[in-house]
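A.B. asks: Here's a structure for you.
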Amino acid sequence: MYPVRIWAVRHARFFEGVYRIFEPVILKLHPVWNSVGYQRAEKPVRAVEKLSKGFLFDCKMCGQCILSSTGMSCPMNCPKSLRNGPCGGVRANGNCEVKPEMKCVWVQAWDGSQKMKGGDKIHVVQLPVDHSQKGTSSWLRVARKASEQKREEEKVSQPLNK
Ligand code: SF4
């Protein structure tokens, strides 16, 4: 869905807003994921994520989404899977050296990030992709991580409250 992907980057500000609303909802649903079991929730949530993000962003389900740091341009569409900027082979017209018919995902990422309020996040150095997460839901991962972090913070603050 290359044209849709390009369109999504052009509307990166809009999708940033959508994610700002969507993320707290996913986090608030933690008790639901917890009672169903994250393992069991994985299959249906992954299916919805794959369908929606696949359509909009050509998502490859890496399981560690960084769209909000890359101007809504999925870095996994880079033939070299670069997560921290373009290689040295970007063509003069801004296209990819491996797929000359395709805009470099990092040229796109820069354009998209310039439209976003939090576009500065493009400067954050990303960790290398963890291939063991491939095919899993990054939404559930975010929810689980946030709840674990909250639990840790509560543990640390407990002695202070006594
Ligand atoms: S960064 Fe990963 S989860 Fe996010 S759209 Fe790309 S492949 Fe999908």
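Lettering and numbering for the structure tokens are positional, with chains as A, B, ... in the shown order, residues counted from 1 in each chain, and ligands counted from 1 in the shown order.
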Neighbouring residues of ligand 1 are defined here as those with any atom at most 7 Å from a ligand atom, counting only C-alpha atoms and all ligand atoms; list them as an MDAnalysis selection string.
C.D. replies: chainID A and resid 53 57:67 74:76 138
A.B. asks: If we count only C-alpha atoms and set the cut-off at 8 Å, which residues sit around A:Trp106, ignoring sequence neighbours fewer than 5 positions away in its own chain? Please answer as a list in words.
C.D. replies: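 These residues fall inside the cut-off: Thr70, Ser73, Pro75, Gly85 and Pro86 of chain A.
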A.B. asks: So how far away is atom CA of A:Ser69 from atom CA of A:Arg10, in Å?
C.D. replies: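 Separation of atom CA of A:Arg10 and atom CA of A:Ser69: 14.8 Å.
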A.B. asks: Stretch 43-49 of chain A: which residues within 7 Å, counting only C-alpha atoms, same-chain residues fewer than 3 positions away excluded, as a PyMOL selection string?
C.D. replies: chain A and resi 40+52-53+136-137
A.B. asks: For the atom pair atom CA of A:Leu140 and atom CA of A:Val18, what is the interatomic distance in Å to one decimal place?
C.D. replies: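 Computing it gives 17.2 Å between the two atoms.
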A.B. asks: Using DSSP on the backbone, list every residue of stretch 15-126 of chain A that comes out as alpha helix (DSSP H), and give them as number ranges by chain.
C.D. replies: A: 15-28, 30-36, 38-57, 105-115
A.B. asks: Selection from above, C-alpha atoms, as a JSON list (two decimals), in the first residue's frame, can you write it?
C.D. replies:
[["chain", "number", "residue", "atom", "x", "y", "z"],
["A", 15, "PHE", "CA", -1.81, 10.45, 13.12],
["A", 16, "GLU", "CA", 0.30, 11.83, 15.96],
["A", 17, "GLY", "CA", -2.92, 13.26, 17.42],
["A", 18, "VAL", "CA", -4.74, 9.96, 16.93],
["A", 19, "TYR", "CA", -1.97, 8.09, 18.74],
["A", 20, "ARG", "CA", -2.03, 10.62, 21.61],
["A", 21, "ILE", "CA", -5.67, 9.69, 22.17],
["A", 22, "PHE", "CA", -5.21, 6.00, 21.48],
["A", 23, "GLU", "CA", -2.18, 5.31, 23.71],
["A", 24, "PRO", "CA", -3.87, 6.19, 27.05],
["A", 25, "VAL", "CA", -6.83, 4.01, 26.06],
["A", 26, "ILE", "CA", -4.56, 1.03, 25.47],
["A", 27, "LEU", "CA", -2.84, 1.70, 28.82],
["A", 28, "LYS", "CA", -6.15, 2.06, 30.67],
["A", 30, "HIS", "CA", -4.40, -2.97, 31.23],
["A", 31, "PRO", "CA", -6.84, -4.59, 33.72],
["A", 32, "VAL", "CA", -8.68, -6.12, 30.75],
["A", 33, "TRP", "CA", -5.48, -7.48, 29.17],
["A", 34, "ASN", "CA", -4.43, -8.70, 32.57],
["A", 35, "SER", "CA", -7.67, -10.54, 33.32],
["A", 36, "VAL", "CA", -7.83, -12.08, 29.84],
["A", 38, "TYR", "CA", -1.64, -10.91, 27.81],
["A", 39, "GLN", "CA", -0.82, -14.16, 26.08],
["A", 40, "ARG", "CA", -4.43, -14.79, 25.08],
["A", 41, "ALA", "CA", -5.05, -11.14, 24.16],
["A", 42, "GLU", "CA", -2.05, -11.25, 21.85],
["A", 43, "LYS", "CA", -3.74, -13.01, 18.93],
["A", 44, "PRO", "CA", -6.80, -10.75, 18.46],
["A", 45, "VAL", "CA", -4.95, -7.51, 19.27],
["A", 46, "ARG", "CA", -2.13, -8.46, 16.93],
["A", 47, "ALA", "CA", -4.65, -9.13, 14.15],
["A", 48, "VAL", "CA", -6.24, -5.68, 14.55],
["A", 49, "GLU", "CA", -2.83, -3.99, 14.75],
["A", 50, "LYS", "CA", -1.57, -5.82, 11.69],
["A", 51, "LEU", "CA", -4.64, -4.94, 9.65],
["A", 52, "SER", "CA", -4.82, -1.26, 10.59],
["A", 53, "LYS", "CA", -1.12, -0.44, 10.62],
["A", 54, "GLY", "CA", -0.43, -2.69, 7.66],
["A", 55, "PHE", "CA", -2.94, -0.72, 5.63],
["A", 56, "LEU", "CA", -1.82, 2.72, 6.78],
["A", 57, "PHE", "CA", 1.92, 2.39, 7.26],
["A", 105, "VAL", "CA", 11.87, 5.84, 4.20],
["A", 106, "TRP", "CA", 14.22, 8.18, 6.08],
["A", 107, "VAL", "CA", 13.65, 11.06, 3.68],
["A", 108, "GLN", "CA", 9.98, 10.41, 4.35],
["A", 109, "ALA", "CA", 10.61, 10.16, 8.09],
["A", 110, "TRP", "CA", 12.26, 13.57, 8.11],
["A", 111, "ASP", "CA", 9.41, 15.14, 6.13],
["A", 112, "GLY", "CA", 6.80, 13.56, 8.42],
["A", 113, "SER", "CA", 8.61, 14.57, 11.60],
["A", 114, "GLN", "CA", 8.70, 18.21, 10.45],
["A", 115, "LYS", "CA", 4.90, 18.16, 10.45]]
